[in-house]
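A.B. asks: So that you have it, the file is query-v3.json, and it contains JSON, C-alpha atoms:
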```
[["chain", "number", "residue", "atom", "x", "y", "z"],
["A", 12, "MET", "CA", 9.92, -18.01, 20.42],
["A", 13, "ILE", "CA", 13.28, -19.56, 19.56],
["A", 14, "SER", "CA", 16.09, -17.02, 19.15],
["A", 15, "ALA", "CA", 17.14, -16.68, 15.52],
["A", 16, "LYS", "CA", 20.57, -18.09, 14.71],
["A", 17, "ASN", "CA", 23.32, -15.69, 13.73],
["A", 18, "ILE", "CA", 23.46, -16.02, 9.95],
["A", 19, "TRP", "CA", 25.98, -13.16, 9.73],
["A", 20, "GLN", "CA", 28.92, -14.86, 11.46],
["A", 21, "ASN", "CA", 32.02, -15.80, 9.50],
["A", 22, "THR", "CA", 31.77, -19.52, 8.76],
["A", 23, "ASP", "CA", 32.34, -22.15, 6.08],
["A", 24, "ALA", "CA", 29.13, -23.93, 7.02],
["A", 25, "PRO", "CA", 26.51, -24.02, 4.21],
["A", 26, "LEU", "CA", 23.37, -21.93, 4.68],
["A", 27, "HIS", "CA", 20.06, -23.41, 3.55],
["A", 28, "VAL", "CA", 17.67, -20.79, 2.21],
["A", 29, "GLY", "CA", 13.98, -20.99, 1.40],
["A", 30, "LEU", "CA", 12.67, -18.75, -1.39],
["A", 31, "LEU", "CA", 8.98, -18.17, -0.80],
["A", 32, "VAL", "CA", 7.70, -16.80, -4.10],
["A", 33, "LEU", "CA", 4.25, -15.26, -4.52],
["A", 34, "ASN", "CA", 2.25, -15.10, -7.73],
["A", 35, "ASP", "CA", 2.83, -11.93, -9.78],
["A", 36, "SER", "CA", 6.43, -11.56, -8.62],
["A", 37, "ASN", "CA", 8.99, -10.44, -11.15],
["A", 38, "MET", "CA", 11.78, -12.70, -12.32],
["A", 39, "LEU", "CA", 14.50, -10.10, -11.73],
["A", 40, "SER", "CA", 13.70, -9.90, -7.99],
["A", 41, "LEU", "CA", 13.84, -13.70, -7.72],
["A", 42, "ALA", "CA", 17.11, -13.87, -9.66],
["A", 43, "ALA", "CA", 18.60, -11.16, -7.42],
["A", 44, "ALA", "CA", 18.12, -13.47, -4.45],
["A", 45, "VAL", "CA", 19.13, -16.75, -6.12],
["A", 46, "ASP", "CA", 21.96, -15.95, -8.52],
["A", 47, "PRO", "CA", 24.37, -14.43, -5.98],
["A", 48, "MET", "CA", 24.17, -17.73, -4.05],
["A", 49, "ARG", "CA", 24.72, -19.75, -7.22],
["A", 50, "ALA", "CA", 27.65, -17.57, -8.26],
["A", 51, "CYS", "CA", 29.12, -17.78, -4.76],
["A", 52, "ASN", "CA", 29.10, -21.57, -4.88],
["A", 53, "ARG", "CA", 30.72, -21.51, -8.29],
["A", 54, "ARG", "CA", 33.43, -19.00, -7.35],
["A", 55, "ALA", "CA", 34.17, -20.81, -4.08],
["A", 56, "ASP", "CA", 34.10, -24.22, -5.83],
["A", 57, "ARG", "CA", 32.06, -25.67, -2.98],
["A", 58, "VAL", "CA", 28.52, -25.54, -1.65],
["A", 59, "LEU", "CA", 28.17, -22.51, 0.62],
["A", 60, "PHE", "CA", 24.46, -22.03, -0.10],
["A", 61, "SER", "CA", 21.61, -24.39, -0.86],
["A", 62, "TRP", "CA", 18.04, -23.36, -1.56],
["A", 63, "GLN", "CA", 14.56, -24.49, -2.43],
["A", 64, "PHE", "CA", 11.57, -22.71, -4.00],
["A", 65, "LEU", "CA", 8.49, -22.57, -1.79],
["A", 66, "ALA", "CA", 4.81, -21.62, -1.97],
["A", 67, "GLN", "CA", 1.64, -22.22, 0.00],
["A", 68, "GLY", "CA", 0.67, -25.83, -0.63],
["A", 69, "GLY", "CA", 3.53, -26.30, -3.08],
["A", 70, "GLN", "CA", 1.46, -24.73, -5.84],
["A", 71, "GLU", "CA", 2.88, -23.56, -9.16],
["A", 72, "VAL", "CA", 3.76, -19.86, -9.08],
["A", 73, "SER", "CA", 3.22, -17.60, -12.10],
["A", 74, "LEU", "CA", 5.72, -14.76, -12.50],
["A", 75, "THR", "CA", 4.92, -11.52, -14.32],
["A", 76, "SER", "CA", 7.11, -12.65, -17.24],
["A", 77, "GLY", "CA", 4.80, -15.61, -17.85],
["A", 78, "MET", "CA", 7.31, -18.07, -16.42],
["A", 79, "VAL", "CA", 5.82, -20.75, -14.15],
["A", 80, "LEU", "CA", 7.87, -21.86, -11.15],
["A", 81, "GLN", "CA", 7.61, -25.31, -9.57],
["A", 82, "THR", "CA", 7.68, -25.16, -5.78],
["A", 83, "GLU", "CA", 7.54, -27.19, -2.60],
["A", 84, "ASP", "CA", 5.14, -26.66, 0.29],
["A", 85, "ILE", "CA", 6.40, -24.08, 2.77],
["A", 86, "SER", "CA", 5.07, -26.19, 5.63],
["A", 87, "GLY", "CA", 8.00, -28.58, 5.15],
["A", 88, "PHE", "CA", 10.72, -25.91, 5.13],
["A", 89, "ILE", "CA", 13.56, -26.22, 7.62],
["A", 90, "GLY", "CA", 16.29, -23.60, 7.36],
["A", 91, "ASP", "CA", 17.81, -20.51, 8.89],
["A", 92, "LEU", "CA", 16.74, -17.96, 6.24],
["A", 93, "LEU", "CA", 13.47, -17.50, 4.39],
["A", 94, "ILE", "CA", 13.38, -14.92, 1.59],
["A", 95, "LEU", "CA", 9.91, -13.72, 0.62],
["A", 96, "VAL", "CA", 9.73, -12.50, -2.99],
["A", 97, "ALA", "CA", 6.57, -10.59, -3.90],
["A", 98, "GLY", "CA", 5.55, -8.15, -6.61],
["A", 99, "PHE", "CA", 2.00, -7.20, -7.55],
["A", 100, "GLY", "CA", -1.41, -8.10, -6.12],
["A", 101, "LEU", "CA", -0.11, -7.89, -2.57],
["A", 102, "GLU", "CA", -3.53, -7.53, -0.92],
["A", 103, "GLN", "CA", -4.79, -10.56, -2.80],
["A", 104, "HIS", "CA", -1.77, -12.70, -1.96],
["A", 105, "SER", "CA", -1.45, -11.68, 1.73],
["A", 106, "THR", "CA", -3.75, -14.43, 2.94],
["A", 107, "PRO", "CA", -4.33, -15.47, 6.58],
["A", 108, "ALA", "CA", -2.67, -18.80, 5.78],
["A", 109, "LEU", "CA", 0.44, -17.01, 4.54],
["A", 110, "THR", "CA", 0.52, -14.85, 7.67],
["A", 111, "ILE", "CA", 0.38, -17.96, 9.85],
["A", 112, "ALA", "CA", 3.20, -19.58, 7.86],
["A", 113, "LEU", "CA", 5.43, -16.51, 8.16],
["A", 114, "ARG", "CA", 4.81, -16.14, 11.88],
["A", 115, "ARG", "CA", 5.57, -19.84, 12.40],
["A", 116, "CYS", "CA", 8.92, -19.48, 10.69],
["A", 117, "VAL", "CA", 9.83, -16.47, 12.84],
["A", 118, "VAL", "CA", 8.78, -18.29, 16.01],
["A", 119, "ASP", "CA", 10.98, -21.20, 14.93],
["A", 120, "GLY", "CA", 13.99, -18.87, 14.81],
["A", 121, "THR", "CA", 14.18, -18.37, 11.03],
["A", 122, "HIS", "CA", 15.42, -15.07, 9.65],
["A", 123, "LEU", "CA", 12.83, -13.54, 7.32],
["A", 124, "TRP", "CA", 13.72, -11.22, 4.44],
["A", 125, "GLY", "CA", 11.32, -9.40, 2.13],
["A", 126, "VAL", "CA", 12.25, -8.50, -1.46],
["A", 127, "ASP", "CA", 10.35, -5.84, -3.41],
["A", 128, "GLY", "CA", 6.71, -6.30, -2.27],
["A", 129, "GLY", "CA", 7.83, -8.75, 0.41],
["A", 130, "SER", "CA", 8.13, -5.97, 2.99],
["A", 131, "TRP", "CA", 4.45, -5.08, 2.47],
["A", 132, "VAL", "CA", 3.39, -8.69, 3.11],
["A", 133, "MET", "CA", 5.59, -8.86, 6.22],
["A", 134, "ALA", "CA", 4.14, -5.59, 7.52],
["A", 135, "GLN", "CA", 0.61, -6.78, 6.86],
["A", 136, "ALA", "CA", 1.38, -9.85, 8.96],
["A", 137, "GLY", "CA", 2.36, -7.51, 11.83],
["A", 138, "LEU", "CA", 5.96, -8.70, 11.84],
["A", 139, "LEU", "CA", 7.66, -5.37, 11.20],
["A", 140, "ASP", "CA", 5.99, -3.27, 13.91],
["A", 141, "GLY", "CA", 8.70, -1.35, 15.77],
["A", 142, "HIS", "CA", 11.36, -2.38, 13.23],
["A", 143, "ARG", "CA", 13.28, -0.41, 10.61],
["A", 144, "ALA", "CA", 12.18, -1.47, 7.16],
["A", 145, "THR", "CA", 12.22, -0.28, 3.57],
["A", 146, "CYS", "CA", 10.10, -0.87, 0.49],
["A", 147, "HIS", "CA", 10.26, 0.07, -3.18],
["A", 148, "TRP", "CA", 10.18, 3.87, -3.52],
["A", 149, "GLU", "CA", 7.00, 3.63, -5.59],
["A", 150, "ASP", "CA", 5.14, 2.14, -2.61],
["A", 151, "ALA", "CA", 6.66, 4.28, 0.15],
["A", 152, "GLU", "CA", 3.81, 6.78, 0.45],
["A", 153, "ALA", "CA", 1.10, 4.12, 0.69],
["A", 154, "PHE", "CA", 3.26, 1.94, 2.96],
["A", 155, "ALA", "CA", 3.82, 4.77, 5.45],
["A", 156, "ARG", "CA", 0.09, 5.51, 5.61],
["A", 157, "ARG", "CA", -0.88, 1.86, 5.99],
["A", 158, "PHE", "CA", 1.79, 0.69, 8.45],
["A", 159, "SER", "CA", 2.45, 3.58, 10.81],
["A", 160, "ALA", "CA", 3.98, 1.27, 13.45],
["A", 161, "VAL", "CA", 6.85, 0.41, 11.07],
["A", 162, "ASN", "CA", 9.90, 2.69, 11.02],
["A", 163, "LEU", "CA", 10.03, 3.15, 7.25],
["A", 164, "VAL", "CA", 13.38, 4.33, 5.86],
["A", 165, "PRO", "CA", 14.25, 5.21, 2.23],
["A", 166, "ASP", "CA", 17.31, 2.93, 2.23],
["A", 167, "ARG", "CA", 18.22, 0.39, -0.44],
["A", 168, "TYR", "CA", 17.91, -2.31, 2.20],
["A", 169, "ALA", "CA", 17.33, -2.37, 5.95],
["A", 170, "ILE", "CA", 18.26, -5.00, 8.54],
["A", 171, "SER", "CA", 16.44, -5.05, 11.88],
["A", 172, "GLY", "CA", 16.68, -8.04, 14.21],
["A", 173, "PRO", "CA", 15.77, -11.23, 12.32],
["A", 174, "PHE", "CA", 14.23, -9.20, 9.50],
["A", 175, "ALA", "CA", 15.65, -7.59, 6.38],
["A", 176, "THR", "CA", 13.81, -5.76, 3.62],
["A", 177, "THR", "CA", 14.92, -4.45, 0.23],
["A", 178, "GLY", "CA", 13.60, -1.78, -2.10],
["A", 179, "GLY", "CA", 13.69, -4.03, -5.17],
["A", 180, "ALA", "CA", 15.91, -6.32, -7.21],
["A", 181, "SER", "CA", 19.15, -4.34, -7.32],
["A", 182, "PRO", "CA", 19.16, -3.65, -3.55],
["A", 183, "CYS", "CA", 18.56, -7.37, -3.03],
["A", 184, "ILE", "CA", 21.84, -8.07, -4.82],
["A", 185, "ASP", "CA", 23.52, -5.62, -2.42],
["A", 186, "LEU", "CA", 22.00, -7.43, 0.56],
["A", 187, "MET", "CA", 23.06, -10.85, -0.73],
["A", 188, "LEU", "CA", 26.62, -9.56, -1.30],
["A", 189, "HIS", "CA", 26.59, -8.19, 2.25],
["A", 190, "LEU", "CA", 25.60, -11.65, 3.51],
["A", 191, "ILE", "CA", 28.38, -13.28, 1.48],
["A", 192, "THR", "CA", 30.90, -10.77, 2.82],
["A", 193, "SER", "CA", 29.83, -11.43, 6.41],
["A", 194, "ARG", "CA", 29.98, -15.20, 6.08],
["A", 195, "HIS", "CA", 32.83, -15.74, 3.64],
["A", 196, "GLY", "CA", 34.83, -12.52, 3.34],
["A", 197, "ARG", "CA", 34.99, -9.50, 1.06],
["A", 198, "ALA", "CA", 37.28, -11.13, -1.50],
["A", 199, "LEU", "CA", 34.67, -13.74, -2.39],
["A", 200, "SER", "CA", 31.77, -11.25, -2.46],
["A", 201, "GLU", "CA", 33.76, -8.99, -4.81],
["A", 202, "ARG", "CA", 34.41, -11.93, -7.12],
["A", 203, "VAL", "CA", 30.67, -12.64, -7.14],
["A", 204, "ALA", "CA", 29.93, -8.98, -7.91],
["A", 205, "ALA", "CA", 32.53, -9.04, -10.69],
["A", 206, "ALA", "CA", 30.83, -12.07, -12.22],
["A", 207, "PHE", "CA", 27.71, -9.93, -12.70],
["A", 208, "ILE", "CA", 29.79, -6.88, -13.72],
["A", 209, "TYR", "CA", 28.00, -5.29, -10.77],
["A", 210, "ASP", "CA", 29.61, -2.04, -9.69],
["A", 211, "PRO", "CA", 29.40, -0.20, -7.40],
["A", 212, "ILE", "CA", 28.25, -2.28, -4.45],
["A", 213, "HIS", "CA", 25.94, -0.06, -2.41],
["A", 214, "ALA", "CA", 25.64, 0.09, 1.36],
["A", 215, "GLY", "CA", 22.22, -0.64, 2.81],
["A", 216, "GLU", "CA", 21.69, 2.91, 4.00],
["A", 217, "ALA", "CA", 22.34, 4.36, 0.53],
["A", 218, "PRO", "CA", 19.10, 6.01, -0.61],
["A", 219, "GLN", "CA", 16.92, 4.56, -3.33],
["A", 220, "GLN", "CA", 16.85, 6.67, -6.46],
["A", 221, "MET", "CA", 13.90, 7.39, -8.69],
["A", 222, "ILE", "CA", 16.35, 8.53, -11.38],
["A", 223, "ALA", "CA", 19.48, 6.52, -12.22],
["A", 224, "THR", "CA", 22.27, 9.09, -11.99],
["A", 225, "THR", "CA", 25.45, 7.00, -11.59],
["A", 226, "ARG", "CA", 26.53, 7.43, -15.23],
["A", 227, "ILE", "CA", 25.72, 11.14, -15.25],
["A", 228, "ALA", "CA", 27.43, 11.78, -11.90],
["A", 229, "ALA", "CA", 30.80, 10.67, -13.28],
["A", 230, "LYS", "CA", 30.98, 13.51, -15.82],
["A", 231, "HIS", "CA", 28.31, 15.94, -14.63],
["A", 232, "PRO", "CA", 28.12, 15.82, -10.81],
["A", 233, "ARG", "CA", 26.20, 19.09, -10.60],
["A", 234, "ILE", "CA", 23.52, 17.85, -13.00],
["A", 235, "ALA", "CA", 23.26, 14.58, -11.06],
["A", 236, "ARG", "CA", 22.64, 16.66, -7.94],
["A", 237, "ILE", "CA", 19.99, 18.71, -9.73],
["A", 238, "LEU", "CA", 18.27, 15.53, -10.96],
["A", 239, "LYS", "CA", 18.05, 14.39, -7.35],
["A", 240, "GLN", "CA", 16.56, 17.76, -6.42],
["A", 241, "MET", "CA", 13.96, 17.35, -9.18],
["A", 242, "GLU", "CA", 13.12, 13.90, -7.86],
["A", 243, "ASN", "CA", 12.59, 15.27, -4.34],
["A", 244, "LEU", "CA", 10.51, 18.23, -5.50],
["A", 245, "ILE", "CA", 7.98, 16.57, -7.80],
["A", 246, "ASP", "CA", 5.06, 17.72, -5.66],
["A", 247, "SER", "CA", 6.24, 21.36, -5.57],
["A", 248, "PRO", "CA", 8.43, 21.88, -8.65],
["A", 249, "PRO", "CA", 10.57, 25.01, -8.65],
["A", 250, "THR", "CA", 11.23, 26.95, -11.83],
["A", 251, "ILE", "CA", 14.40, 26.19, -13.76],
["A", 252, "LYS", "CA", 15.58, 29.68, -12.84],
["A", 253, "ALA", "CA", 15.14, 28.83, -9.13],
["A", 254, "LEU", "CA", 17.02, 25.54, -9.57],
["A", 255, "ALA", "CA", 19.88, 27.38, -11.25],
["A", 256, "ARG", "CA", 20.03, 29.98, -8.49],
["A", 257, "ALA", "CA", 19.98, 27.30, -5.77],
["A", 258, "ASN", "CA", 22.98, 25.65, -7.44],
["A", 259, "GLY", "CA", 24.96, 28.84, -7.93],
["A", 260, "ILE", "CA", 24.83, 29.03, -11.73],
["A", 261, "SER", "CA", 22.96, 31.00, -14.35],
["A", 262, "THR", "CA", 19.86, 29.64, -16.02],
["A", 263, "ARG", "CA", 21.67, 29.54, -19.36],
["A", 264, "LYS", "CA", 24.59, 27.56, -17.93],
["A", 265, "LEU", "CA", 22.18, 25.09, -16.31],
["A", 266, "GLU", "CA", 20.39, 24.61, -19.62],
["A", 267, "LEU", "CA", 23.65, 23.97, -21.48],
["A", 268, "GLU", "CA", 25.06, 21.56, -18.89],
["A", 269, "PHE", "CA", 21.73, 19.74, -18.57],
["A", 270, "LYS", "CA", 21.44, 19.28, -22.34],
["A", 271, "ALA", "CA", 25.03, 17.98, -22.49],
["A", 272, "ALA", "CA", 24.34, 15.48, -19.69],
["A", 273, "THR", "CA", 20.89, 14.23, -20.65],
["A", 274, "GLY", "CA", 20.32, 15.33, -24.24],
["A", 275, "ARG", "CA", 17.18, 17.20, -23.13],
["A", 276, "ALA", "CA", 16.17, 20.62, -21.86],
["A", 277, "PRO", "CA", 15.70, 20.76, -18.06],
["A", 278, "GLY", "CA", 12.10, 22.01, -18.26],
["A", 279, "THR", "CA", 11.10, 19.21, -20.63],
["A", 280, "TYR", "CA", 12.90, 16.62, -18.52],
["A", 281, "PHE", "CA", 11.24, 17.82, -15.29],
["A", 282, "LEU", "CA", 7.76, 17.80, -16.83],
["A", 283, "ASP", "CA", 8.28, 14.30, -18.25],
["A", 284, "LEU", "CA", 9.47, 13.11, -14.84],
["A", 285, "ARG", "CA", 6.35, 14.46, -13.14],
["A", 286, "LEU", "CA", 4.05, 12.99, -15.79],
["A", 287, "SER", "CA", 5.80, 9.62, -15.58],
["A", 288, "GLU", "CA", 5.15, 9.59, -11.83],
["A", 289, "ALA", "CA", 1.53, 10.60, -12.49],
["A", 290, "ARG", "CA", 1.12, 7.66, -14.87],
["A", 291, "ARG", "CA", 2.57, 5.28, -12.30],
["A", 292, "ARG", "CA", 0.15, 6.54, -9.66],
["A", 293, "ALA", "CA", -2.76, 6.25, -12.07],
["A", 294, "ILE", "CA", -1.99, 2.58, -12.64],
["A", 295, "ASP", "CA", -0.71, 1.51, -9.23],
["A", 296, "SER", "CA", -2.78, 3.57, -6.77],
["A", 297, "ALA", "CA", -6.40, 4.36, -6.00],
["A", 298, "GLN", "CA", -5.73, 8.10, -5.72],
["A", 299, "SER", "CA", -8.21, 10.46, -7.35],
["A", 300, "VAL", "CA", -7.17, 12.47, -10.41],
["A", 301, "GLN", "CA", -6.98, 15.58, -8.21],
["A", 302, "GLU", "CA", -4.73, 13.82, -5.68],
["A", 303, "ILE", "CA", -2.42, 12.61, -8.46],
["A", 304, "ALA", "CA", -2.28, 16.09, -9.95],
["A", 305, "LEU", "CA", -1.31, 17.68, -6.63],
["A", 306, "ALA", "CA", 1.23, 14.96, -5.82],
["A", 307, "CYS", "CA", 2.93, 15.62, -9.16],
["A", 308, "GLY", "CA", 3.06, 19.40, -8.81],
["A", 309, "PHE", "CA", 0.00, 20.48, -10.84],
["A", 310, "THR", "CA", -2.10, 23.07, -9.03],
["A", 311, "SER", "CA", -4.69, 23.06, -11.80],
["A", 312, "GLN", "CA", -6.51, 19.82, -12.58],
["A", 313, "ALA", "CA", -7.33, 21.13, -16.06],
["A", 314, "SER", "CA", -3.66, 21.80, -16.90],
["A", 315, "PHE", "CA", -2.74, 18.37, -15.54],
["A", 316, "ALA", "CA", -5.41, 16.70, -17.70],
["A", 317, "ARG", "CA", -4.13, 18.49, -20.82],
["A", 318, "ALA", "CA", -0.49, 17.63, -20.13],
["A", 319, "PHE", "CA", -1.33, 13.99, -19.32],
["A", 320, "ARG", "CA", -3.37, 13.53, -22.50],
["A", 321, "GLN", "CA", -0.69, 15.18, -24.62],
["A", 322, "ALA", "CA", 1.99, 12.90, -23.13],
["A", 323, "PHE", "CA", 0.10, 9.58, -23.17],
["A", 324, "GLY", "CA", -2.71, 10.08, -25.69],
["A", 325, "GLN", "CA", -5.48, 9.37, -23.18],
["A", 326, "SER", "CA", -6.93, 10.49, -19.88],
["A", 327, "VAL", "CA", -6.13, 9.03, -16.47],
["A", 328, "THR", "CA", -9.58, 7.41, -16.43],
["A", 329, "ALA", "CA", -9.05, 5.77, -19.82],
["A", 330, "LEU", "CA", -5.62, 4.53, -18.79],
["A", 331, "ARG", "CA", -7.07, 2.96, -15.65],
["A", 332, "ARG", "CA", -9.74, 1.18, -17.66],
["A", 333, "GLN", "CA", -6.99, -0.33, -19.81],
["A", 334, "HIS", "CA", -5.22, -1.73, -16.75]]
```
Turn the structure described in the file into structure tokens.
C.D. replies:
Amino acid sequence: MISAKNIWQNTDAPLHVGLLVLNDSNMLSLAAAVDPMRACNRRADRVLFSWQFLAQGGQEVSLTSGMVLQTEDISGFIGDLLILVAGFGLEQHSTPALTIALRRCVVDGTHLWGVDGGSWVMAQAGLLDGHRATCHWEDAEAFARRFSAVNLVPDRYAISGPFATTGGASPCIDLMLHLITSRHGRALSERVAAAFIYDPIHAGEAPQQMIATTRIAAKHPRIARILKQMENLIDSPPTIKALARANGISTRKLELEFKAATGRAPGTYFLDLRLSEARRRAIDSAQSVQEIALACGFTSQASFARAFRQAFGQSVTALRRQH
């Protein structure tokens, strides 16, 4: 195996990047990898990054938006960084031929990054064993069960040796800005971030969030903290009274502050959060209805079924048939 080149060193030399895009990827994840490079070139007024779109056999790639991407064959790629963008249908798209192609690139000394579902494909190829890696928070439970040899962390992005993985599109922007900072300085990366009105720039070890709390945290830091607690306690939800006590306030004060911050009552918000997660699991996992109910804090399958039908107008089984 050839040692991977140091792509993180400060240099004015251009970096050539391959974007290996799988069918059923989302356009936002692809843009998060490409547009920071484009904006960097524009802000620097010179070519600091070049790139090409790749696929097995140079086939057309269909994104979830319906957009079709023209590609070149990955077998002809020569570069120091390959970014694997993946989304849905990961089992279907993780073919033996793709595994061979990825392993060849790593053996040739190419850095390999996985965006969104890319970390799953890399893990399935056996490349992440013994390495720190992350994945989208929605897939973390299944990922940990499937790839026990990978040191899964809940970070926005993780770098380990020649590999890097991100939890989705926004963390990919953070990783690209980190690369720009390392190679070309913080001033340029901040100008790139400003071009996207992207603020704040997150560190890799910052945790992924199921609930976006940045706006709320500015005016209601206590409620932002409670939202995070709700997120972490979906499988064993405390009462609103217990949440208030744990945060040193009365139930009434929590209800008033929560309504001011979110426009909703805390009990309603928490139930909707749990049901939203239940719907995601119904569509994206093979878990039984009982497993979904328990994972979302319902000890009674009957009460879960009633709440789910009231929220979404159909049963878990009917929803799955639709999808």
A.B. asks: Need the shell around region 184-199 of chain A: protein/DNA/RNA residues with any atom at most 8 Å away, counting only C-alpha atoms. Skip same-chain ones fewer than 3 positions apart. Format as a PyMOL selection string?
C.D. replies: chain A and resi 18-23+43-44+47-48+51+54-55+168+177+180-181+202-204+212-215
A.B. asks: So how many Å separate CA of Arg114 (chain A) and CA of Leu138 (chain A), to one decimal?
C.D. replies: 7.5 Å
A.B. asks: Counting all atoms listed in the file, which of A:Ile208, A:Asn17, A:Asp283, A:Leu59 gets nearest to Gln321 (chain A)?
C.D. replies: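 Between A:Ile208, A:Asn17, A:Asp283, A:Leu59, the residue approaching Gln321 (chain A) most closely is A:Asp283.
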A.B. asks: For the atom pair CA of Leu305 (chain A) and CA of Arg285 (chain A), what is the interatomic distance in Å to one decimal place?
C.D. replies: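 CA of Leu305 (chain A) sits 10.6 Å away from CA of Arg285 (chain A).
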A.B. asks: Would you please work out which residue, of A:Ala276, A:Ala151, A:Leu95, A:Cys307, is nearest to Ile245 (chain A) when using all atoms listed in the file?
C.D. replies: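 Among A:Ala276, A:Ala151, A:Leu95, A:Cys307, it is A:Cys307 that comes nearest to Ile245 (chain A).
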A.B. asks: At a cut-off of 9 Å, using all atoms listed in the file, what residues contact Val28 (chain A)? Leave out same-chain residues fewer than 5 positions from it and give the result as a PyMOL selection string.
C.D. replies: chain A and resi 60-64+89-94
A.B. asks: Could you check how far CA of Leu238 (chain A) sits from CA of Leu163 (chain A), in Å to one decimal?
C.D. replies: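 Computing the Euclidean distance for CA of Leu238 (chain A) and CA of Leu163 (chain A) yields 23.5 Å.
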